[in-house]
Each structure stands twice: as structure tokens, then as C-alpha cells.
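Engineer: The structure under discussion is supplied below as C-alpha cells; questions concerning it will follow.
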Amino acid sequence: MLNDKSILVTGGTGSFGKAFTKYVLTHYNPKKIIIYSRDEFKQFIMQNEFKEYQDKLRFFIGDVRDKERMMRAFEGVDFVIHAAALKQVPACEYNPAEAIKTNINGAQNVIDCALDCGVKKVVALSTDKAVNPVNLYGGTKLVSDKLFIAANAYAGSKDTCFSIVRYGNVAGSRGSVIPFFHNIIKNGGTELPITDYRMTRFWISLQQGVELVIKALEEAKGGETFISKIPSFKVTDLAEAMLPGCKMPEVGIREGEKLHEIMVTVEDSMNTYEYEKHFIVYPQMVWSENRRAVPTGKKVPEGFSYSSGNNTEWLTVEQIRELLETVDLEQ
């Protein structure tokens with residue numbers, strides 16, 4: 001599907017962008033992959049990391065806020081993966097206008113450029129924080145999700161398809177709990193603070209996140225939200241796996257933080273279907289017959305919800321310890 005195609009990744013120098021680029025270059029033979037991002041130093045680092053593929057990679061300095069620049073970058077592109085966003089919850093709370101400019105206005109710019117340049121498919125990365133949001137970051141990503149779903153209504157005769165993938169913090173990603181605990185341990189700490197003993201999270205690897213995006217590129221008809229089936233873990237079990245026998249003082253939940261990562265709400269269940277390795281929330285709207293996504297999975301029961309707290313698959317302390325060996329904590 002991606003052979004001899006041009007692919008653009010916004011925010012492409014991030015952890016996901018690098019993993020996605022490596023996966024595509026390993027499994028396919030694309031015409032080129034365009035890395036579109038703001039930081040020239042990160043682009044320089046990535047260029048060196050992917051030296052053997054330099055004939056396949058193009059690096060564009062640009063911001064999703066800059067529609068004119070993005071129009072140039074989108075010319076001749078077949079597929080767009082939209083990973084660029086302001087993601088740090090405290091930073092978004094303190095700089096709300098900036099979060100809106102990037103996460104909402106930037107999303108609309110991606111949509112407009114994709115439509116005007118005839119891009120075939122756009123997959124936008126979402127987050128569990130967009131579900132019943134309790135902070136500004138989640139609120140902006142909720143609006144972004146709605147924009148990408150509704151964008152299918154504006155494609156008209158153009159064959160541009162927009163869809164979404166949703167998952168929580170990737171294991172070991174910057175700002176998440178694993179590197180936080182790791183830094184405490186590395187500096188000689190003997191206690192790992194727990195915001196709430198009831199707290200749970202999903203475990204998803206970068207590889208699984210990339211594979212979900214590939215699935216969306218292959219299968220999306222327009223407006224679907226793809227969600228991986230992944231195991232949950234208790235944060236207290238994570239602490240035990242990382243520092244056996246440690247003290248775990250409960251310090252209280254932080255502003256904007258949730259006890260559990262929520263992926264599918266009860267309200268979404270009316271349009272959610274279950275597959276072997278994922279769920280799909282289908283759009284309520286149908287824009288045209290050629291954009292009608294026909295579910296082939298099993299309809300979830302009324303009142304169904306999917307969160308890290310009500311999951312049916314859980315990691316033990318020993319399983320967490322084994323998975324931690326696959327996480328790069330020195331990145």
C-alpha cells in the first residue's frame with residue numbers, strides 16, 4: 001500500500017515519527033517520507049540516525065500553524081500522518097492560546113492543505129485525554145478529533161479520507177510515569193510517589209502505536225476512530241516492578257490528571273465495534289455511499305466502555321518487569 005507513495009509526517013522528529021519512519025522504511029518501499037517539523041536540531045539528529053535512507057527522506061522546516069508553508073510541503077503527497085501537537089498538560093494550561101493555535105488551528109490547516117493538495121488519506125493521532133477532557137490539552141484534542149471526522153464532509157468529489165487513532169501515553173515516553181520513576185531510582189531514591197493508589201494505565205509500545213496507524217491507513221473509509229486492545233497495569237505494580245519493596249507514599253492526584261485512561265465512553269458504545277486486536281468507533285454521519293464504512297466486527301453491548309480501569313487484560317508485576325526491558329529509558 002505504501003510502496004512508491006509519498007508520505008508526510010507532521011511532528012516527524014518525535015518518538016512516534018522516528019518509529020513510524022523506521023517501520024515504513026523496513027516494511028515498504030516508499031517513494032519518499034517527508035519529515036515536517038519546527039526544530040532544525042532534531043531534524044539534524046534524525047538525518048544522522050537515518051543516513052542509510054537519505055535518498056528516501058526529505059526534511060521540511062515548518063509549523064502546522066503556517067498554512068502557506070504546509071501547502072508547499074503537501075504538494076504531491078499521498079498520505080499524511082498528523083502527529084504534531086503541544087502535549088504537555090501544564091504547558092497547555094499556562095499557555096492556552098498557544099495550545100489552541102497548534103492543536104486546533106493547526107489541525108484545520110492540515111485538513112485544508114490535504115483537501116487542496118489532493119492527499120489520499122490523513123490519519124491524525126489522538127489521545128485518551130480527548131475523551132471526557134478535564135484539561136485544556138484534552139479539550140483541544142477533542143476539538144481536533146471532531147474537525148478531522150467532519151472533514152470527510154468537505155471532501156466532496158475529492159477522494160481524501162480522514163481518520164483517527166487513539167491511545168494513551170506510550171511506555172517510556174517523555175513526561176510519563178516510567179521515566180519519572182526511573183530518574184528517581186537512578187538518583188538513589190528509595191521511595192516512588194503514587195498520586196493515587198487506585199490509578200491505572202494502559203501499556204502500549206511505540207511499535208503497537210505505529211501498527212495501529214498502518215491499520216488505519218489500510219482500512220479507513222472516513223471518520224473512524226481506531227483504538228488498540230492493550231493490557232492495563234496498576235501504577236503501584238509498576239513501582240514494585242521497578243523498585244521491589246520500595247515505599248510508595250500517596251501524594252494526591254494532580255490537576256488535570258485522571259485515575260484511569262478512557263478510550264471508549266458509554267456514549268460512544270452505540271457506534272463501537274470490536275475486532276480481534278482493536279475497536280473502531282464509527283462516525284454517526286454518512287457523507288456518501290463511497291465513504292460509508294461498513295462494520296464487519298462485533299457490535300459492543302449497550303453501556304460498554306473501555307478504560308484502563310475496567311479492562312479484562314492486566315499485567316502482573318513480573319510481566320511489567322519483562323516489558324520494561326524493551327523500553328529505552330535513556331532516550
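So you can find residues: chains in the C-alpha cells are A, B, ... in the order shown, residues in each start at 1, and ligands are numbered from 1 in order.
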As number ranges by chain, please: the residues near A:Lys22 (cut-off 12 Å, only C-alpha atoms, same-chain neighbours under 5 positions excluded).
Structural biologist: A: 12-13, 15-17, 27-30, 33, 46, 49-53, 56-57, 206-207, 210-211
Engineer: Just the residues within 8 Å of stretch 146-151 of chain A, please, counting only C-alpha atoms, with nothing from its chain fewer than 3 positions along; format it as a compact mmCIF listing (two decimals) with all heavy atoms, in the first residue's frame.
Structural biologist:
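Wrote it out as part.txt, contents follow:
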```txt
# COMPACT_ATOMS: atom_id res chain seq x y z
N ALA A 107 -4.65 21.78 13.24
CA ALA A 107 -5.42 20.66 12.69
C ALA A 107 -6.25 21.10 11.49
O ALA A 107 -6.31 20.41 10.46
CB ALA A 107 -6.34 20.08 13.77
N GLN A 108 -6.87 22.28 11.60
CA GLN A 108 -7.66 22.79 10.47
C GLN A 108 -6.77 23.08 9.27
O GLN A 108 -7.16 22.83 8.12
CB GLN A 108 -8.41 24.05 10.88
CG GLN A 108 -9.38 24.57 9.83
CD GLN A 108 -10.48 23.57 9.51
OE1 GLN A 108 -11.19 23.11 10.40
NE2 GLN A 108 -10.62 23.22 8.23
N ILE A 111 -6.08 19.85 7.49
CA ILE A 111 -7.27 19.46 6.74
C ILE A 111 -7.37 20.24 5.43
O ILE A 111 -7.55 19.67 4.35
CB ILE A 111 -8.54 19.66 7.60
CG1 ILE A 111 -8.57 18.66 8.74
CG2 ILE A 111 -9.80 19.54 6.74
CD1 ILE A 111 -9.57 18.99 9.82
N ALA A 124 -4.86 11.11 11.88
CA ALA A 124 -4.48 12.03 12.95
C ALA A 124 -4.33 11.26 14.26
O ALA A 124 -5.18 10.43 14.60
CB ALA A 124 -5.53 13.12 13.11
N LEU A 142 -9.87 17.07 21.65
CA LEU A 142 -11.25 16.72 21.34
C LEU A 142 -11.73 17.51 20.14
O LEU A 142 -12.33 16.96 19.20
CB LEU A 142 -12.15 16.98 22.55
CG LEU A 142 -13.67 16.87 22.29
CD1 LEU A 142 -14.06 15.46 21.87
CD2 LEU A 142 -14.46 17.31 23.52
N VAL A 143 -11.48 18.82 20.14
CA VAL A 143 -11.88 19.66 19.01
C VAL A 143 -11.16 19.19 17.74
O VAL A 143 -11.77 19.09 16.66
CB VAL A 143 -11.58 21.14 19.29
CG1 VAL A 143 -11.87 21.99 18.06
CG2 VAL A 143 -12.40 21.63 20.47
N TYR A 154 -16.36 17.56 3.75
CA TYR A 154 -15.94 18.64 2.86
C TYR A 154 -15.10 18.14 1.69
O TYR A 154 -14.66 18.93 0.85
CB TYR A 154 -15.15 19.69 3.65
CG TYR A 154 -15.99 20.33 4.72
CD1 TYR A 154 -15.97 19.86 6.03
CD2 TYR A 154 -16.84 21.40 4.42
CE1 TYR A 154 -16.76 20.44 7.02
CE2 TYR A 154 -17.64 21.98 5.40
CZ TYR A 154 -17.60 21.49 6.69
OH TYR A 154 -18.38 22.06 7.66
N ALA A 155 -14.85 16.84 1.64
CA ALA A 155 -14.03 16.29 0.56
C ALA A 155 -14.74 16.37 -0.78
O ALA A 155 -14.11 16.52 -1.83
CB ALA A 155 -13.65 14.85 0.87
N PHE A 162 -10.23 11.02 5.97
CA PHE A 162 -9.67 11.41 7.26
C PHE A 162 -10.10 10.42 8.33
O PHE A 162 -11.29 10.09 8.44
CB PHE A 162 -10.14 12.81 7.66
CG PHE A 162 -9.76 13.90 6.70
CD1 PHE A 162 -10.56 14.19 5.61
CD2 PHE A 162 -8.59 14.63 6.88
CE1 PHE A 162 -10.22 15.21 4.72
CE2 PHE A 162 -8.25 15.65 6.00
CZ PHE A 162 -9.06 15.94 4.91
N SER A 163 -9.16 9.96 9.15
CA SER A 163 -9.49 9.07 10.26
C SER A 163 -8.57 9.36 11.44
O SER A 163 -7.63 10.16 11.33
CB SER A 163 -9.39 7.60 9.85
OG SER A 163 -8.05 7.30 9.46
N ILE A 164 -8.83 8.69 12.57
CA ILE A 164 -8.13 8.99 13.82
C ILE A 164 -7.67 7.68 14.46
O ILE A 164 -8.35 6.66 14.37
CB ILE A 164 -9.09 9.72 14.80
CG1 ILE A 164 -9.51 11.08 14.23
CG2 ILE A 164 -8.47 9.89 16.18
CD1 ILE A 164 -10.70 11.67 14.93
N GLY A 222 -13.34 6.67 6.23
CA GLY A 222 -13.59 8.07 6.55
C GLY A 222 -14.33 8.25 7.86
O GLY A 222 -15.45 7.78 8.00
N GLY A 223 -13.68 8.89 8.84
CA GLY A 223 -14.33 9.25 10.09
C GLY A 223 -14.20 8.24 11.21
O GLY A 223 -14.69 8.50 12.33
N GLU A 224 -13.52 7.12 10.99
CA GLU A 224 -13.39 6.12 12.04
C GLU A 224 -12.34 6.53 13.08
O GLU A 224 -11.40 7.25 12.77
CB GLU A 224 -12.98 4.75 11.48
CG GLU A 224 -13.91 4.19 10.43
CD GLU A 224 -13.41 4.47 9.03
OE1 GLU A 224 -12.87 5.57 8.79
OE2 GLU A 224 -13.56 3.57 8.18
N PRO A 283 -18.22 6.74 12.62
CA PRO A 283 -18.88 8.05 12.66
C PRO A 283 -20.39 7.91 12.61
O PRO A 283 -20.92 6.97 12.00
CB PRO A 283 -18.34 8.75 11.40
CG PRO A 283 -18.00 7.62 10.46
CD PRO A 283 -17.50 6.51 11.35
```
Engineer: Need to verify the contact set: A:Pro179, 12 Å, only C-alpha atoms, exclusion of same-chain residues closer than 3 positions in sequence. Can you return it as number ranges by chain?
Structural biologist: A: 169-176, 182-186, 192, 238-239, 242, 324, 327-331
Engineer: Would you export the selected residues with N, CA, C and O atoms as a compact mmCIF listing (two decimals), in the first residue's frame, please?
Structural biologist:
```
# COMPACT_ATOMS: atom_id res chain seq x y z
N ASN A 169 -0.50 7.38 26.86
CA ASN A 169 0.95 7.58 26.87
C ASN A 169 1.66 6.31 26.46
O ASN A 169 1.40 5.23 26.99
N VAL A 170 2.57 6.44 25.51
CA VAL A 170 3.39 5.30 25.11
C VAL A 170 4.37 4.98 26.23
O VAL A 170 4.92 5.88 26.88
N ALA A 171 4.60 3.68 26.47
CA ALA A 171 5.51 3.25 27.54
C ALA A 171 6.88 3.88 27.36
O ALA A 171 7.50 3.75 26.30
N GLY A 172 7.32 4.61 28.37
CA GLY A 172 8.64 5.23 28.32
C GLY A 172 8.69 6.59 27.67
O GLY A 172 9.76 7.19 27.57
N SER A 173 7.54 7.11 27.20
CA SER A 173 7.54 8.41 26.53
C SER A 173 7.85 9.53 27.52
O SER A 173 7.61 9.41 28.72
N ARG A 174 8.39 10.63 27.00
CA ARG A 174 8.77 11.74 27.85
C ARG A 174 7.57 12.27 28.63
O ARG A 174 6.50 12.44 28.08
N GLY A 175 7.77 12.51 29.92
CA GLY A 175 6.71 13.06 30.76
C GLY A 175 5.80 12.02 31.37
O GLY A 175 4.94 12.35 32.17
N SER A 176 5.97 10.75 30.99
CA SER A 176 5.12 9.70 31.54
C SER A 176 5.74 9.11 32.80
O SER A 176 6.86 9.44 33.19
N HIS A 182 12.09 6.11 36.87
CA HIS A 182 13.46 5.73 36.53
C HIS A 182 14.46 6.79 37.02
O HIS A 182 15.52 6.44 37.56
N ASN A 183 14.13 8.06 36.85
CA ASN A 183 15.03 9.13 37.28
C ASN A 183 15.19 9.15 38.80
O ASN A 183 16.28 9.41 39.32
N ILE A 184 14.10 8.87 39.52
CA ILE A 184 14.19 8.80 40.99
C ILE A 184 15.13 7.69 41.41
O ILE A 184 16.02 7.87 42.26
N ILE A 185 14.97 6.52 40.78
CA ILE A 185 15.80 5.36 41.10
C ILE A 185 17.26 5.62 40.74
O ILE A 185 18.18 5.33 41.51
N LYS A 186 17.49 6.21 39.58
CA LYS A 186 18.84 6.48 39.10
C LYS A 186 19.58 7.43 40.04
O LYS A 186 20.81 7.34 40.20
N LEU A 192 8.93 5.74 45.74
CA LEU A 192 8.30 6.15 44.48
C LEU A 192 6.91 6.70 44.80
O LEU A 192 6.03 5.96 45.22
N LEU A 238 3.59 -1.14 38.86
CA LEU A 238 4.73 -0.62 38.11
C LEU A 238 5.86 -0.23 39.06
O LEU A 238 7.04 -0.55 38.83
N ALA A 239 5.50 0.45 40.14
CA ALA A 239 6.52 0.87 41.13
C ALA A 239 7.21 -0.36 41.73
O ALA A 239 8.44 -0.37 41.88
N MET A 242 9.67 -1.82 39.26
CA MET A 242 10.87 -1.02 39.02
C MET A 242 11.78 -0.94 40.24
O MET A 242 13.00 -0.86 40.10
N LEU A 324 9.56 -3.86 30.74
CA LEU A 324 10.45 -2.72 30.98
C LEU A 324 11.80 -2.90 30.31
O LEU A 324 12.47 -1.92 29.96
N VAL A 327 11.98 -1.15 26.99
CA VAL A 327 11.77 0.31 26.96
C VAL A 327 13.12 1.03 27.06
O VAL A 327 13.94 0.72 27.94
N ASP A 328 13.35 1.97 26.15
CA ASP A 328 14.57 2.77 26.16
C ASP A 328 14.39 3.92 27.16
O ASP A 328 13.68 4.89 26.87
N LEU A 329 15.01 3.79 28.32
CA LEU A 329 14.84 4.80 29.37
C LEU A 329 15.95 5.85 29.36
O LEU A 329 15.97 6.74 30.21
N GLU A 330 16.87 5.76 28.43
CA GLU A 330 17.97 6.72 28.37
C GLU A 330 17.85 7.64 27.15
O GLU A 330 18.81 8.26 26.75
N GLN A 331 16.67 7.68 26.54
CA GLN A 331 16.50 8.49 25.33
C GLN A 331 16.51 9.97 25.67
O GLN A 331 16.20 10.35 26.73
```
Engineer: Quick one, how far is atom CA of A:Ile194 from atom CA of A:Val235?
Structural biologist: 7.4 Å
Engineer: So how many Å separate atom CA of A:Gln88 and atom CA of A:Ser126, to one decimal?
Structural biologist: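 Pair atom CA of A:Gln88 / atom CA of A:Ser126 returns 13.8 Å.
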Engineer: Any chance you could list, as a PyMOL selection string, the residues in stretch 69-312 of chain A that come up alpha helix (DSSP H) when DSSP is run on the backbone?
Structural biologist: chain A and resi 69-74+89-94+96-100+106-117+136-150+177-186+206-219+235-242
Engineer: Using only C-alpha atoms, what table do you get, as JSON lines, when you list each residue of stretch 141-220 of chain A with an atom no more than 12 Å from stretch 275-282 of chain A, its nearest pair of atoms, and their distance in Å rounded to one decimal, rows by chain then rising number?
Structural biologist:
```
{"residue": "A:Ile149", "atom": "CA", "partner": "A:Tyr282", "partner_atom": "CA", "distance": 9.8}
{"residue": "A:Ser163", "atom": "CA", "partner": "A:Tyr282", "partner_atom": "CA", "distance": 9.8}
{"residue": "A:Ile164", "atom": "CA", "partner": "A:Val281", "partner_atom": "CA", "distance": 9.6}
{"residue": "A:Val165", "atom": "CA", "partner": "A:Ile280", "partner_atom": "CA", "distance": 9.2}
{"residue": "A:Arg166", "atom": "CA", "partner": "A:Ile280", "partner_atom": "CA", "distance": 10.0}
{"residue": "A:Tyr167", "atom": "CA", "partner": "A:His278", "partner_atom": "CA", "distance": 11.1}
{"residue": "A:Gln208", "atom": "CA", "partner": "A:Lys277", "partner_atom": "CA", "distance": 10.5}
{"residue": "A:Gly209", "atom": "CA", "partner": "A:His278", "partner_atom": "CA", "distance": 11.5}
{"residue": "A:Glu211", "atom": "CA", "partner": "A:Lys277", "partner_atom": "CA", "distance": 10.9}
{"residue": "A:Leu212", "atom": "CA", "partner": "A:His278", "partner_atom": "CA", "distance": 8.5}
{"residue": "A:Val213", "atom": "CA", "partner": "A:His278", "partner_atom": "CA", "distance": 11.7}
{"residue": "A:Lys215", "atom": "CA", "partner": "A:His278", "partner_atom": "CA", "distance": 9.9}
{"residue": "A:Ala216", "atom": "CA", "partner": "A:Ile280", "partner_atom": "CA", "distance": 9.8}
{"residue": "A:Glu219", "atom": "CA", "partner": "A:Ile280", "partner_atom": "CA", "distance": 10.8}
{"residue": "A:Ala220", "atom": "CA", "partner": "A:Ile280", "partner_atom": "CA", "distance": 9.9}
```
Engineer: Would you return as a PyMOL selection string the members of stretch 4-66 of chain A that DSSP assigns to strand (DSSP E) on this structure's backbone?
Structural biologist: chain A and resi 6-10+32-37+57-61
Engineer: If you count only C-alpha atoms, which residues fall within 9 Å of A:Lys158, apart from same-chain ones fewer than 4 positions away, as a ChimeraX atom specification?
Structural biologist: /A:115,118-120,154
Engineer: Please save N, CA, C and O atoms of the selected residues as a PDB file, in the first residue's frame.
Structural biologist:
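In the end it all went to selection.pdb:
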```
ATOM      1  N   LEU A 115      -6.986  18.676   1.598  1.00  0.00           N
ATOM      2  CA  LEU A 115      -8.058  18.767   0.605  1.00  0.00           C
ATOM      3  C   LEU A 115      -7.591  19.503  -0.651  1.00  0.00           C
ATOM      4  O   LEU A 115      -7.834  19.057  -1.772  1.00  0.00           O
ATOM      5  N   GLY A 118      -5.037  17.354  -2.674  1.00  0.00           N
ATOM      6  CA  GLY A 118      -5.453  16.040  -3.150  1.00  0.00           C
ATOM      7  C   GLY A 118      -4.795  14.867  -2.447  1.00  0.00           C
ATOM      8  O   GLY A 118      -4.572  13.809  -3.057  1.00  0.00           O
ATOM      9  N   VAL A 119      -4.483  15.028  -1.155  1.00  0.00           N
ATOM     10  CA  VAL A 119      -3.938  13.914  -0.374  1.00  0.00           C
ATOM     11  C   VAL A 119      -4.987  12.795  -0.301  1.00  0.00           C
ATOM     12  O   VAL A 119      -6.179  13.057  -0.157  1.00  0.00           O
ATOM     13  N   LYS A 120      -4.535  11.554  -0.388  1.00  0.00           N
ATOM     14  CA  LYS A 120      -5.479  10.427  -0.397  1.00  0.00           C
ATOM     15  C   LYS A 120      -6.016  10.114   1.003  1.00  0.00           C
ATOM     16  O   LYS A 120      -7.219   9.938   1.193  1.00  0.00           O
ATOM     17  N   TYR A 154     -16.361  17.562   3.748  1.00  0.00           N
ATOM     18  CA  TYR A 154     -15.936  18.636   2.864  1.00  0.00           C
ATOM     19  C   TYR A 154     -15.095  18.140   1.692  1.00  0.00           C
ATOM     20  O   TYR A 154     -14.659  18.929   0.854  1.00  0.00           O
TER      21      TYR A 154
END
```
Engineer: Using only C-alpha atoms for the distances, tell me which of A:Val177, A:Ile262, A:Val123, A:Ala97 is nearest to A:Tyr137.
Structural biologist: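 Closest residue, counting only C-alpha atoms: A:Ala97.
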Engineer: List as JSON, numbers by chain the protein and nucleic acid residues near A:Met263, meaning an atom at most 8 Å away when only C-alpha atoms are counted, but skip any in the same chain fewer than 5 places from it.
Structural biologist: {"A": [128, 131, 166, 167, 227, 305, 306, 307]}
Engineer: From the list A:Val264, A:Leu259, A:Ile178, A:Ala153, which residue is nearest A:Phe226 when using only C-alpha atoms?
Structural biologist: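 Under the stated criterion, the closest residue is A:Val264.
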Engineer: Might you pull out every residue within 9 Å of A:Lys101, with only C-alpha atoms counted and same-chain residues fewer than 5 positions away left off, and present them as a list of chain:residue names?
Structural biologist: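 Result of the neighbour search: A:Val64, A:Arg65, A:Pro96, A:Gly106, A:Ala107.
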Engineer: Create the file for the chosen residues now, containing N, CA and C atoms and written as a PDB file, in the first residue's frame.
Structural biologist:
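Saved file out-v8.pdb follows:
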```pdb
ATOM      1  N   VAL A  64       2.782  23.656  11.806  1.00  0.00           N
ATOM      2  CA  VAL A  64       1.406  23.399  11.348  1.00  0.00           C
ATOM      3  C   VAL A  64       0.556  24.663  11.438  1.00  0.00           C
ATOM      4  N   ARG A  65       1.031  25.662  12.163  1.00  0.00           N
ATOM      5  CA  ARG A  65       0.310  26.940  12.215  1.00  0.00           C
ATOM      6  C   ARG A  65       0.451  27.713  10.905  1.00  0.00           C
ATOM      7  N   PRO A  96      -2.731  28.657  27.096  1.00  0.00           N
ATOM      8  CA  PRO A  96      -3.889  28.115  26.378  1.00  0.00           C
ATOM      9  C   PRO A  96      -4.003  28.595  24.939  1.00  0.00           C
ATOM     10  N   GLY A 106      -3.917  24.404  13.899  1.00  0.00           N
ATOM     11  CA  GLY A 106      -3.004  23.566  13.125  1.00  0.00           C
ATOM     12  C   GLY A 106      -3.714  22.384  12.499  1.00  0.00           C
ATOM     13  N   ALA A 107      -4.647  21.777  13.242  1.00  0.00           N
ATOM     14  CA  ALA A 107      -5.420  20.660  12.692  1.00  0.00           C
ATOM     15  C   ALA A 107      -6.247  21.105  11.491  1.00  0.00           C
TER      16      ALA A 107
END
```
Engineer: I need the residue nearest A:Thr326 from this list: A:Glu218, A:Glu267, A:Ser205, A:Ile253. Use only C-alpha atoms for the distance.
Structural biologist: A:Ser205
Engineer: Would you compute the distance between atom CA of A:Thr272 and atom CA of A:Gly256? Give it in Å to one decimal.
Structural biologist: 26.7 Å
Engineer: What's around A:Thr200 at 6 Å? Count only C-alpha atoms, leave out sequence neighbours fewer than 3 positions away in its own chain, and write the answer as a PyMOL selection string.
Structural biologist: chain A and resi 233-235+260+308-309
Engineer: Considering only C-alpha atoms, state which residue in the set A:Phe41, A:Phe181, A:Tyr36, A:Phe59 is at the smallest distance from A:Ile81.
Structural biologist: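 Residue with the minimum atom-to-atom distance to A:Ile81: A:Tyr36.
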